[in-house]
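Contents: one structure, followed by commentary.
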Amino acid sequence: MERKVELKVVNLKKYFPVQKSFLERLLSGKIEYVQAVNRISFEVRRGEVFGLVGESGCGKTTTGRLITRLIEPTEGKIIFKGEDVTFIQGERLREFRKYVQIIFQNPYASLNPRMRIGEATAHPLEIHGIATGERKKKMVFEMLEKVGLEPAKKFYDLYPFELSGGQRQRVAIARAMILNPELVVADEPISMIDVSLRAKILELMLMLKEERNLTYVFITHDLAVAKYISDWIGIMYLGEIVEIGRKEQIFSTPYHPYTKALLSAIPVPDPKREKKDIKLKGEVPSSINPPSGCRFHPRCSFAKDKCSNLKPSLKMVDKDHYVACHLY
Amino acid sequence: MASLRVYVIRRVLVAIPMIFILLGIVFFIMRVVGDPVSAILGGHAPQEQIERIKEQLGLNKPILFQFFDYLGQLLRGDLGRSLIWGQRPVISEIWDHFPATLELSICAFLVSILVGIFTGIIAATNFGRFFDHAFRLYGIITYGLFIPWIGIMLQLIFGVYLGVLPIGGRIGTLMEPETITGLYVLDSLLTLNMESFISAIRHLILPSLTLGIYLSGIYTRLTRTHLIEVLNKDFIKSAWARGLPKRTVIFKHALKNAFIPILTMMGLQFALLLVGAVLTEITFSWPGMGTLLFERITYRDFTTVQGIIVFFALIVITVSLLVDVIYAYIDPRIRY
Amino acid sequence: MKNLLTIQDLRVYYYLREGAVRAVDGVSFFMKRGETVGLVGESGSGKSTLGLSILKLVSSPGKIVSGKILFNGNDIAGWNEKKMRLLRGSRISMVFQDPMTSLNPLMRIEEHLVETIRTHQKIPKAEAKKKASLLLNEVGIPPERGGDYPHQFSGGMRQRIGIALAIALNPDLLIADEFTSSLDVIVQFQILNLMKKLKASHQMGLIFISHDISLVSEIADRIALMYAGQIVEFAPADIFFSEPLHPYSEGLLNSVPNIELSDQKLNYIPGMPPDLVRPPDGCRFYPRCPYGEDICRRKEPPLVQIEKEHMVKCFRYDGKKSRT
Amino acid sequence: MKYSISRFIVSNIIKNIFPRKGTEYFVLVGFILVLLIILMAIFAPFIAPYDPIKKVGEILERPSGKFLLGTDGLGRDVLSRIIFGARTAVLVTFLAVSISLSFGVLLGLLSGYTGGKFDTVFSLVMDAMYSFPGLILAIVLAAMLGPGILNTAMAIAVIYTPTYFRMVRGLVLSLKESLFVEAARAIGAKDRTIVFKYIFPNVISSIPIVLSLNAADAVLTLAALSFLGLGLPAPTPDWGFDLRAGHAYLASRIWWPSTFPGLMIVILTLGFSLLGEGLNEILNPELRR
Amino acid sequence: MKKRRWLSFLILSFVFLCLAPGMSFSLQTKPLVLGTTDKITVLDPAKTYDFYTWEVFQNIGEGLLKYKPGTTELIPGIAKSYEVSPDGLEYTFKLREGLKFTDGYPLNAAAVKWSIDRVMKLDLDPSWLVSAFVERVEVVDTYTVKFVLKEPVSFFPALVATTPYTPVSPKSFPEDKVAEPTVGHYGPYRIKKWTRDVQLVLEANPDYYGSPPKSRLFVVKFYKNAATMRLALETGEIDVAWKSLRPIDIRDLKAKGKQKVLEVPGPYIRYIVCRCNKPPFDDVRLRRAIAAAIDRARICQEAYKGTVKPLYSMVPMGMWGHIDAFKQEYGERNLELARKILTEAGYSKDNPFNIEFWYTPTHYGDLEADVAAVIKESLEETGMIKIDLKSAEWATYAAEYLTAGVMPIFLLGWYPDYIDPDDYTSVFLHSEWSPDMGVFYSNPEMDRLLDKARTEIGIEKRTQLYEKIQKLMAEEAPVIPLFQGVLTAATQPNVKGVVLDPVMLLRYYLIYKE
């Protein structure tokens, strides 16, 4: 059964001007841009987890912030439940926020240091006028317990600095979930948490998903984590999506050379495993002046002439499996 | 090198609105609160004479026009003439007094840097121990010292009770060396005039100690914090781990890196040096810019005061520019 | 074969005003020449402090309280600063975590190398320069870039320079503290391969400190797993991964997603690591341990030798040879 | 909301006010010094042995049992003048700091949050004032405004407004970019809510530090203006002015009319700086090393 | 190691060299050094209007007539002699022949005329001393010059001795603007080097007609504060400390006795001005009450440590015509009288007379605030006056408040322009000029007396007139004299020839060291 499309992103683009002072711009005469996200498209279906995977600086975080409308896209479309939300403002945007929430990577910075846990969790309710007084408090208690901050009463009055990273991340989850959103963008939610506690956060997120039929866009640099949590996976490289498909397909039959390299580079906790080698040159180039054609071609061992001139578009190679590469 | 030039030009361009604004502030304050005409005419002038002078000085125009007139005049490099006494050109008043201030400032600056960096290094390398606390306290106390008070105390001790050092003036009677740079110490050295040299140094000791001690605390603190910060950096750990000797690690690696923020602060603190110089000059009857400014303010010599402020603003900006350029020069990470 | 390094009951405390933080508290392990020990632990487990204390570089308010550090049979714990200095960089060297900050930003990389070489070997500058370019070549950096400043290199390149600096004097032991954790997977993979290659060609011992147990598995011969300032299990790598004994080892391995497995069931360890100023009386892992018994709360477990080179700090193996 | 911030600050101060070692005495000593001088100012008429503006003894008497710190050039008791001088110092400092604080913080918040042209112009002006030697501006202003408590306080306030402005604006700018403000936007908070619930509370916790450091500076500036005769009109007891008056007797080896008022300036400044340093350590624990 | 020891030796010896007290170095010519806290304002006779610069002109320049040192007697200067026409309107001067300015230009009748014309034409601060009296100057022959006056002026010779009448060289001075050349004067000294606000170096003018200066080289050092100057005197850096040592320093120096202290009453006076045209001081009773209550002795003792003398008339002591008019009228101080007058005027202890009393802290030296404080105390001692002390910085005080009549009662001081009782009376009391001084006093009887005294030539007649004027002034009390300055100079014991006289101008050329 095909599920309903919850979020659709079409040719989304975000260029950031390189920060310069007014006079510097005047003198240098040209404005340079960081091409953070360059015309990406994908779909996320209701109740599924879409894993967006890429190395640092590939634009995955920007994509997350674009989807949640924290920053304005340069071009393209964001369609949420059939409605174009790309440029909505004001009340409509605030309404949109009830349905789409975000969890940030850094739990140490995403909470107001001067706000107690209870206040922070209750704040979305106040903002949207959902509940006040005792009812609000009750909802907050319930939510805190749900994310495992027990006893809720104790945590209610604490300040963020009195909490550990894992606990803070749970507060962030509670705050995002208290509005009963439909789509949650999770931007590397476990990367700053101790290894032994990561699984707990993942488990919590999966539990909430099942319970509320949530849709996740899960942003991570770790393919293993993505594999664990996602239904779909999109691989990003230098602002572009190079491969997209169902989890099983990506891991069993990766097409793009970059995906292949990523897969073999990931360490596995098994010393007996046969060590593979990857043929990949150099490091990720700057996104201010990205390579022409296929952005991966300077590092690709299969690169042909064509690759440096012509940008490959996403092509279907299998059912639900797309890749942007001239090899296919 | 061409890029460095572009960088300097860019910095200069940024500095222009700064001067403009400062000048504006001072100009308006002085025009709104004071009346330059009475300053020229002294006590009792008939109305028509006041009108005549106003006409002559363009003071009957709206204030904004006056401001633009003044700016135009500045652009031609003309600071105007003093309103009082000889009505000398402001620029020559400034040149008469500036070398004294420069000489004092340089000496005080050297004292403060030497003392400050020395104590800062000791504090940082003894982190958490006695010398650290002691020099931190030194930093705090010196910053709170009131210049005239230190000055007076030094005058009392060395000038009055011990009687070993002069408490005012720049040099002994008729000992002025030939003017080359206007800095007596330098000039007397250049002309090999030992008598003048010693006299000039003797006169310099107390004022530059006063100002130097006051400023040194800031450098103690700065050196300490930045050195501690740098000493905790990985590259210092890495230097230790490579077995480099202590002197190399502290001076070559740590201090040089710590010096970059200190340099920036030096640029910022330069204003403080000028402030300190004003008070020191007045305490020690040092015939410099501070004394001139103070004297002319009491006489309401608007053009001179304005001129001095423009001059100070130019110095402040030049120094910050210089600091930026030096900064860019020593730190390869800066891309112009 | 003689041990390259033997650590015996080492204790390193940080004296803060809240009390002494027992960052390393009674640690013992050993390694042989040319081996790689993977020192694994979560943040705050004391693994970095342990690494630094081998070079006696723990900075104030930290202090080596007691214990022996036998390097090539000499107890360097008692050595003075002067002797240590000669050891550092030449016999034992170190690579740091952050390639962005572990090089002096104001110095050309060639100067870094030359300075290090000439500190320990009295050779003319030109010769040192020649050596430097050979080293650069060896770690995969074009020697002609020796005149560049650190900021002109990418993260991976800088880490290569860090390695070049560390191996410049053919040390016997190299300590690498999380030296790939700020790199992306692919670059990490490349650097790791380089390290393996160099280790073999220089016959160095390597202490590889990391929080990433999967990564360690790629290179280590032995694993030392740290928890709350203590080594809870010390074992040859293959045994550790196939048959972890300590409940913490087990829990940790189960909480790491493995890309090779499908439909993996991830586990986590409940609770949090203890406060190292006032650690629990008994076993430090007891509050989080699923097998905890009363004795664990009261008494510190001994380091039990399971096999000749496999030790575990747990009551469950006290007097037994295998898992019950 | 207000309660919680003050609780945060107060609890942190209380937690740290009884120091255990070294530099942690800073805040305690600073606090005591400042408190003593404020008490001195408040209770001046009860503490001072004589009327500070009346001739009560021979001129320039040496310190003795009758006049603990001697008399000044007009036969007034130096001790009494110092005690009453605390009033001047505390009052002017308080006024100057409050004026600059209210303007600086308000403009800083406004400028930082709204951004745009308004911000550009304001920060240019403030930067210009900030980079210029403050005392020199104050001298010009004080000379133009004439002596008097309010005038002097204003002259001082003008030069410190940019300090607050820059600090608040800088904080606002960085807070505006901070993750928790973005998080607030993500839950749909309005601008006003963000400014008052997320930005402002984080800004004001830094204010006590700057406040006490500025107070230290303001004491010095007041002293400097008074020393130049641009402060308060005589015969108001005023440390800076008395120091200058005392300077004249220097050559006669009469040290007491200058030493003591100057010492008071130093003590009060030191108190404020120590307080500021200490607060800085307590409120920004991440800076503590 | 060796190198380091050598270095530290060098540093140590340098420090010793610098700190060695009283180190003196031989100079080729030991000059006579005079210190002062005054300053040269503008070195141009057409512009300068302050005492100190006038003093300098007495030494680098010379008028047609000059005062005989130590007296107020006028003797010939560059003029050999002069004649007055019977109607008192024409003064003809015969110049000494063959004089040259220091720039080589001949000093003759034409140069004198040029200089006087220049002063009148530039029309600056002191020019009224010429233009108010002189109609025109005529060159009779090369060495004869004639001044034609607008009306007979009894004190014209005294005017001629003032600085605006000092001839300067047309070669060095521009005709149409102020200038400060260091050559182009004619006097006992010529300027060798002048560093503004730092020092003035004078050397003997070889072309001077009279006896050469006693000290060939004379240095004036300008001090910013008196304490430094005093220390310089004590360390022997200066030979003469001239205007103005602080009272405490004078007391000290006298007590120590190592240096000589010379004192004479100077013609510099301080007084209180009442604004006579507006309430409250349009009521003569209130002015009289202040005059009665003021405690001059305390001001002199407490603020000035006895270095100034109480003054009971605007005409200073030592000048002909002076009488203690206020003492005769009120006694030294009469609190009872003051209270009585105040009661008459409707004030009482419960309803005190509230008044703002103004002073300026920036013009009359550091002690001004103390003076104001003492005045406040002495007036409030009546129990019926409440003083609110106000201060303004000099420029505002003198330029704005004074003429605008902002201040009801305030402190002021007076240095004479020329040595004649007229200069101490007309300006304050004549209805034509008193508004300029902030007095706003107008009394036709007073005007009549003043006008008469100005034009009368005989000295006896004038003395009588000035006595009348002083009596009337004491009765009406529009201005209340406080004290008269004392000229003090302290010198090294071997310094001779310091002549202090009421002219207030020190003649450097008479000073020498034994």
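Chain labels follow the order of the structure tokens: the first chain is A, the next B, and so on; residue numbering restarts at 1 in every chain, and ligands are counted from 1 in their shown order.
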
Exercise for the section: Extract, using only C-alpha atoms, all DNA, RNA and protein residues at most 6 Å from Val153 in chain E, discarding same-chain residues fewer than 2 positions from it, and format them as a list in words. Expected result: Phe155, Phe156 and Thr455 of chain E

File of the preceding selection, all heavy atoms, as a CSV table (one decimal), in the first residue's frame:
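Final output, out-v2.csv:
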```
chain,number,residue,atom,x,y,z
E,155,PHE,N,46.1,111.9,33.1
E,155,PHE,CA,47.1,110.8,33.3
E,155,PHE,C,47.7,110.3,32.0
E,155,PHE,O,48.1,109.2,31.9
E,155,PHE,CB,46.4,109.7,34.1
E,155,PHE,CG,45.1,109.3,33.6
E,155,PHE,CD1,44.9,108.4,32.5
E,155,PHE,CD2,43.9,109.9,34.1
E,155,PHE,CE1,43.7,108.1,32.0
E,155,PHE,CE2,42.7,109.6,33.6
E,155,PHE,CZ,42.6,108.7,32.5
E,156,PHE,N,47.8,111.2,31.0
E,156,PHE,CA,48.3,110.7,29.7
E,156,PHE,C,49.7,110.2,29.8
E,156,PHE,O,50.0,109.1,29.2
E,156,PHE,CB,48.2,111.8,28.6
E,156,PHE,CG,48.5,111.3,27.3
E,156,PHE,CD1,47.7,110.3,26.6
E,156,PHE,CD2,49.7,111.7,26.6
E,156,PHE,CE1,48.1,109.9,25.4
E,156,PHE,CE2,50.1,111.2,25.4
E,156,PHE,CZ,49.2,110.3,24.8
E,455,THR,N,39.6,114.9,34.1
E,455,THR,CA,40.1,116.0,33.3
E,455,THR,C,40.9,117.0,34.0
E,455,THR,O,41.7,117.7,33.5
E,455,THR,CB,39.0,116.7,32.5
E,455,THR,OG1,37.9,116.9,33.5
E,455,THR,CG2,38.4,115.9,31.4
```

Exercise for the section: Fewer than 4 positions away in the same chain doesn't count, so skip those; otherwise give me all residues within 7 Å of range 100-115 of chain C, counting only C-alpha atoms, as a list of chain:residue names. Expected result: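 The neighbour list is B:Lys233, B:Asp234, B:Phe235, B:Ser238, B:His253, B:Asp331, B:Pro332, C:Phe96, C:Thr119, C:Ala128, C:Lys129, C:Ala132, C:Gly146, C:Gly147, C:Asp148, C:Tyr149, C:Pro150, C:His151, C:Gly155, C:Leu165.
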
Excluding range 208-216 of chain B and its own-chain neighbours fewer than 6 positions away, which residues fall within 9 Å of it when counting only C-alpha atoms? Please give them as a compact mmCIF listing (two decimals) with all heavy atoms, in the first residue's frame.
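Saved file result37.txt follows:
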```txt
# COMPACT_ATOMS: atom_id res chain seq x y z
N LEU B 104 56.21 61.07 26.01
CA LEU B 104 55.66 60.49 27.24
C LEU B 104 54.94 59.18 26.95
O LEU B 104 55.13 58.18 27.64
CB LEU B 104 54.71 61.49 27.90
CG LEU B 104 53.91 61.00 29.09
CD1 LEU B 104 54.83 60.58 30.22
CD2 LEU B 104 52.95 62.07 29.57
N SER B 105 54.11 59.21 25.90
CA SER B 105 53.31 58.02 25.60
C SER B 105 54.20 56.84 25.26
O SER B 105 53.96 55.73 25.72
CB SER B 105 52.38 58.28 24.42
OG SER B 105 51.60 59.40 24.67
N ILE B 106 55.20 57.09 24.45
CA ILE B 106 56.07 55.97 24.06
C ILE B 106 56.74 55.37 25.28
O ILE B 106 56.73 54.16 25.47
CB ILE B 106 57.14 56.45 23.04
CG1 ILE B 106 56.45 56.80 21.71
CG2 ILE B 106 58.18 55.38 22.82
CD1 ILE B 106 57.40 57.40 20.70
N CYS B 107 57.28 56.23 26.13
CA CYS B 107 57.98 55.71 27.30
C CYS B 107 57.02 54.94 28.20
O CYS B 107 57.32 53.85 28.66
CB CYS B 107 58.62 56.84 28.10
SG CYS B 107 60.08 57.42 27.30
N ALA B 108 55.86 55.55 28.44
CA ALA B 108 54.89 54.90 29.32
C ALA B 108 54.45 53.58 28.70
O ALA B 108 54.29 52.57 29.39
CB ALA B 108 53.69 55.80 29.53
N PHE B 109 54.29 53.59 27.42
CA PHE B 109 53.85 52.38 26.72
C PHE B 109 54.90 51.28 26.88
O PHE B 109 54.56 50.14 27.20
CB PHE B 109 53.64 52.73 25.25
CG PHE B 109 53.10 51.61 24.44
CD1 PHE B 109 51.79 51.20 24.62
CD2 PHE B 109 53.87 50.97 23.50
CE1 PHE B 109 51.27 50.16 23.88
CE2 PHE B 109 53.37 49.93 22.76
CZ PHE B 109 52.06 49.53 22.94
N LEU B 110 56.15 51.66 26.72
CA LEU B 110 57.21 50.68 26.89
C LEU B 110 57.21 50.11 28.30
O LEU B 110 57.28 48.91 28.51
CB LEU B 110 58.57 51.30 26.56
CG LEU B 110 58.81 51.57 25.08
CD1 LEU B 110 60.17 52.21 24.87
CD2 LEU B 110 58.70 50.27 24.28
N VAL B 111 57.10 51.04 29.27
CA VAL B 111 57.07 50.58 30.66
C VAL B 111 55.93 49.60 30.86
O VAL B 111 56.09 48.51 31.39
CB VAL B 111 56.90 51.79 31.62
CG1 VAL B 111 56.59 51.31 33.03
CG2 VAL B 111 58.14 52.64 31.62
N SER B 112 54.74 49.99 30.36
CA SER B 112 53.57 49.15 30.62
C SER B 112 53.70 47.80 29.93
O SER B 112 53.37 46.77 30.50
CB SER B 112 52.30 49.86 30.17
OG SER B 112 52.31 50.03 28.78
N ILE B 113 54.23 47.80 28.72
CA ILE B 113 54.35 46.54 28.00
C ILE B 113 55.37 45.64 28.69
O ILE B 113 55.12 44.46 28.92
CB ILE B 113 54.79 46.82 26.54
CG1 ILE B 113 53.63 47.37 25.75
CG2 ILE B 113 55.31 45.57 25.88
CD1 ILE B 113 52.57 46.37 25.50
N LEU B 114 56.50 46.22 29.05
CA LEU B 114 57.53 45.39 29.68
C LEU B 114 57.01 44.81 30.99
O LEU B 114 57.05 43.60 31.21
CB LEU B 114 58.80 46.22 29.92
CG LEU B 114 59.58 46.55 28.65
CD1 LEU B 114 60.80 47.38 28.98
CD2 LEU B 114 60.01 45.26 27.96
N VAL B 115 56.50 45.71 31.84
CA VAL B 115 56.01 45.24 33.13
C VAL B 115 54.84 44.28 32.94
O VAL B 115 54.79 43.20 33.51
CB VAL B 115 55.57 46.44 34.00
CG1 VAL B 115 54.92 45.96 35.27
CG2 VAL B 115 56.77 47.31 34.31
N GLY B 116 53.91 44.68 32.09
CA GLY B 116 52.69 43.90 31.91
C GLY B 116 52.97 42.52 31.35
O GLY B 116 52.49 41.52 31.88
N ILE B 117 53.76 42.45 30.31
CA ILE B 117 53.99 41.15 29.70
C ILE B 117 54.83 40.27 30.63
O ILE B 117 54.54 39.08 30.81
CB ILE B 117 54.65 41.31 28.32
CG1 ILE B 117 53.59 41.90 27.39
CG2 ILE B 117 55.16 39.99 27.79
CD1 ILE B 117 53.96 41.96 25.95
N THR B 119 54.94 40.36 33.98
CA THR B 119 54.11 39.84 35.07
C THR B 119 53.08 38.86 34.53
O THR B 119 52.77 37.86 35.18
CB THR B 119 53.40 40.99 35.80
OG1 THR B 119 52.75 41.80 34.83
CG2 THR B 119 54.34 41.81 36.61
N GLY B 139 47.08 43.30 38.60
CA GLY B 139 46.35 43.77 37.42
C GLY B 139 45.11 44.54 37.81
O GLY B 139 44.82 45.61 37.26
N ILE B 141 44.42 45.94 40.76
CA ILE B 141 44.70 47.15 41.53
C ILE B 141 45.21 48.27 40.63
O ILE B 141 44.71 49.39 40.67
CB ILE B 141 45.73 46.87 42.64
CG1 ILE B 141 45.07 46.00 43.72
CG2 ILE B 141 46.23 48.16 43.26
CD1 ILE B 141 45.99 45.58 44.82
N THR B 142 46.15 47.95 39.77
CA THR B 142 46.69 49.03 38.94
C THR B 142 45.62 49.64 38.06
O THR B 142 45.61 50.83 37.82
CB THR B 142 47.82 48.55 38.02
OG1 THR B 142 47.37 47.37 37.38
CG2 THR B 142 49.06 48.28 38.80
N TYR B 143 44.69 48.80 37.61
CA TYR B 143 43.65 49.35 36.76
C TYR B 143 42.81 50.35 37.53
O TYR B 143 42.26 51.30 36.98
CB TYR B 143 42.76 48.23 36.22
CG TYR B 143 41.74 48.72 35.26
CD1 TYR B 143 42.13 49.15 34.00
CD2 TYR B 143 40.40 48.79 35.61
CE1 TYR B 143 41.21 49.62 33.11
CE2 TYR B 143 39.47 49.26 34.72
CZ TYR B 143 39.88 49.67 33.48
OH TYR B 143 38.96 50.16 32.60
N GLY B 144 42.71 50.13 38.85
CA GLY B 144 41.89 51.04 39.66
C GLY B 144 42.67 52.22 40.20
O GLY B 144 42.11 53.06 40.90
N LEU B 145 43.94 52.29 39.88
CA LEU B 145 44.71 53.41 40.41
C LEU B 145 44.33 54.71 39.70
O LEU B 145 44.08 54.72 38.50
CB LEU B 145 46.20 53.16 40.23
CG LEU B 145 46.81 52.12 41.15
CD1 LEU B 145 48.28 51.94 40.83
CD2 LEU B 145 46.65 52.53 42.59
N PHE B 146 44.31 55.77 40.47
CA PHE B 146 43.97 57.06 39.91
C PHE B 146 45.27 57.77 39.57
O PHE B 146 46.11 58.03 40.44
CB PHE B 146 43.16 57.84 40.95
CG PHE B 146 42.65 59.14 40.44
CD1 PHE B 146 42.01 59.22 39.22
CD2 PHE B 146 42.78 60.29 41.20
CE1 PHE B 146 41.53 60.42 38.75
CE2 PHE B 146 42.30 61.49 40.75
CZ PHE B 146 41.68 61.55 39.52
N ILE B 147 45.44 58.03 38.29
CA ILE B 147 46.73 58.53 37.81
C ILE B 147 47.28 59.71 38.61
O ILE B 147 48.41 59.68 39.08
CB ILE B 147 46.66 58.86 36.31
CG1 ILE B 147 46.58 57.56 35.54
CG2 ILE B 147 47.85 59.68 35.87
CD1 ILE B 147 46.56 57.74 34.06
N PRO B 148 46.47 60.78 38.81
CA PRO B 148 47.04 61.89 39.56
C PRO B 148 47.51 61.46 40.95
O PRO B 148 48.51 61.98 41.45
CB PRO B 148 45.88 62.87 39.67
CG PRO B 148 45.03 62.57 38.51
CD PRO B 148 45.13 61.09 38.30
N ILE B 150 48.71 58.40 41.88
CA ILE B 150 50.01 57.73 41.78
C ILE B 150 51.07 58.80 41.54
O ILE B 150 52.14 58.78 42.13
CB ILE B 150 50.15 56.75 40.58
CG1 ILE B 150 48.87 56.06 40.27
CG2 ILE B 150 51.28 55.77 40.82
CD1 ILE B 150 48.98 55.23 39.00
N GLY B 151 50.75 59.70 40.63
CA GLY B 151 51.69 60.75 40.27
C GLY B 151 52.11 61.53 41.51
O GLY B 151 53.30 61.73 41.76
N LEU B 154 54.28 59.53 43.81
CA LEU B 154 55.65 59.43 43.31
C LEU B 154 56.38 60.77 43.48
O LEU B 154 57.55 60.82 43.85
CB LEU B 154 55.66 59.02 41.83
CG LEU B 154 55.25 57.58 41.54
CD1 LEU B 154 55.25 57.32 40.05
CD2 LEU B 154 56.20 56.61 42.22
N GLN B 269 43.16 49.78 23.45
CA GLN B 269 43.53 50.46 24.67
C GLN B 269 44.31 51.74 24.40
O GLN B 269 44.63 52.46 25.33
CB GLN B 269 44.37 49.55 25.56
CG GLN B 269 43.63 48.35 26.08
CD GLN B 269 42.51 48.72 26.99
OE1 GLN B 269 42.37 49.87 27.37
NE2 GLN B 269 41.66 47.78 27.32
N LEU B 272 43.03 54.64 25.90
CA LEU B 272 43.29 54.75 27.32
C LEU B 272 44.65 55.41 27.57
O LEU B 272 44.81 56.17 28.51
CB LEU B 272 43.29 53.34 27.91
CG LEU B 272 42.89 53.25 29.36
CD1 LEU B 272 41.47 53.74 29.55
CD2 LEU B 272 43.02 51.83 29.83
N LEU B 273 45.58 55.12 26.69
CA LEU B 273 46.90 55.72 26.81
C LEU B 273 46.77 57.24 26.70
O LEU B 273 47.36 57.99 27.46
CB LEU B 273 47.81 55.18 25.70
CG LEU B 273 49.24 55.66 25.69
CD1 LEU B 273 50.01 55.07 26.85
CD2 LEU B 273 49.92 55.31 24.40
N GLY B 276 45.12 58.59 29.80
CA GLY B 276 46.11 58.59 30.86
C GLY B 276 47.11 59.70 30.67
O GLY B 276 47.50 60.37 31.62
N ALA B 277 47.48 59.92 29.41
CA ALA B 277 48.47 60.95 29.14
C ALA B 277 47.95 62.32 29.55
O ALA B 277 48.69 63.14 30.09
CB ALA B 277 48.86 60.93 27.66
N LEU B 279 45.87 63.09 31.97
CA LEU B 279 45.95 63.26 33.42
C LEU B 279 47.41 63.32 33.89
O LEU B 279 47.74 64.12 34.76
CB LEU B 279 45.24 62.09 34.12
CG LEU B 279 43.72 62.14 34.02
CD1 LEU B 279 43.11 60.89 34.62
CD2 LEU B 279 43.17 63.37 34.72
N THR B 280 48.23 62.49 33.30
CA THR B 280 49.64 62.50 33.70
C THR B 280 50.27 63.85 33.37
O THR B 280 50.99 64.43 34.19
CB THR B 280 50.41 61.40 32.96
OG1 THR B 280 49.67 60.19 33.04
CG2 THR B 280 51.76 61.18 33.57
```

Handout entry: Interface, chain D side, toward chain E (10 Å; only C-alpha atoms) as a ChimeraX atom specification
Key = /D:53-55,58-60,73-75,143-148,228-230,232-236,244-245,247-254

Practice task
From a DSSP calculation on the backbone, collect every residue of range 161-304 of chain C in helix (DSSP H, G or I) and output the set as an MDAnalysis selection string.
Solution key: chainID C and resid 161:167 185:202 213:217 237:242 247:254 286:288 294:298

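The neighbours of range 39-49 of chain C here are the residues that come within 6 Å of it, using only C-alpha atoms and leaving out any residue fewer than 2 positions away in the same chain; they are Ala23, Val24, Gly51, Leu52, Ser53, Phe208, Ile209, Ser210, His211, Ala224, Leu225, Met226, Tyr227, Ala228 and Gly229 of chain C.
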
Practice task
Please report as a PyMOL selection string which residues of chain C come no farther than 12 Å from chain D, using only C-alpha atoms.
Solution key: chain C and resi 16-19+60-61

Completion exercise
Residue with the minimum atom-to-atom distance to chain C, picked from B:Thr179, B:Ile308, B:Phe67, B:Gly243 with only C-alpha atoms counted, is B:Gly243

Practice task
Could you please tell me, as a ChimeraX atom specification, which residues of chain B have an atom within 12 Å of chain C when using only C-alpha atoms?
Solution key: /B:124-129,228,230-246,248-249,252-260,327-335

Problem - All residues 7 Å or closer to range 243-249 of chain A, only C-alpha atoms, same chain fewer than 6 positions away omitted, as a PyMOL selection string - result: chain A and resi 227+230-235+256+320-324

Any chance you can output those residues with C-alpha atoms as an mmCIF file, in the first residue's frame?
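Everything below was put into again19.cif:
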```cif
data_model
loop_
_atom_site.group_PDB
_atom_site.id
_atom_site.type_symbol
_atom_site.label_atom_id
_atom_site.label_comp_id
_atom_site.auth_asym_id
_atom_site.auth_seq_id
_atom_site.Cartn_x
_atom_site.Cartn_y
_atom_site.Cartn_z
ATOM 1 C CA LYS A 227 20.208 2.199 8.582
ATOM 2 C CA SER A 230 15.155 4.917 8.448
ATOM 3 C CA ASP A 231 12.774 3.554 5.899
ATOM 4 C CA TRP A 232 14.146 5.692 3.111
ATOM 5 C CA ILE A 233 17.601 7.078 2.710
ATOM 6 C CA GLY A 234 18.851 10.043 0.733
ATOM 7 C CA ILE A 235 22.612 10.484 0.289
ATOM 8 C CA HIS A 256 26.594 5.876 -6.755
ATOM 9 C CA ASP A 320 11.878 3.565 -5.548
ATOM 10 C CA HIS A 321 15.603 3.844 -6.166
ATOM 11 C CA TYR A 322 17.125 6.885 -7.862
ATOM 12 C CA VAL A 323 20.702 7.844 -8.513
ATOM 13 C CA ALA A 324 22.396 10.887 -10.021
#
```
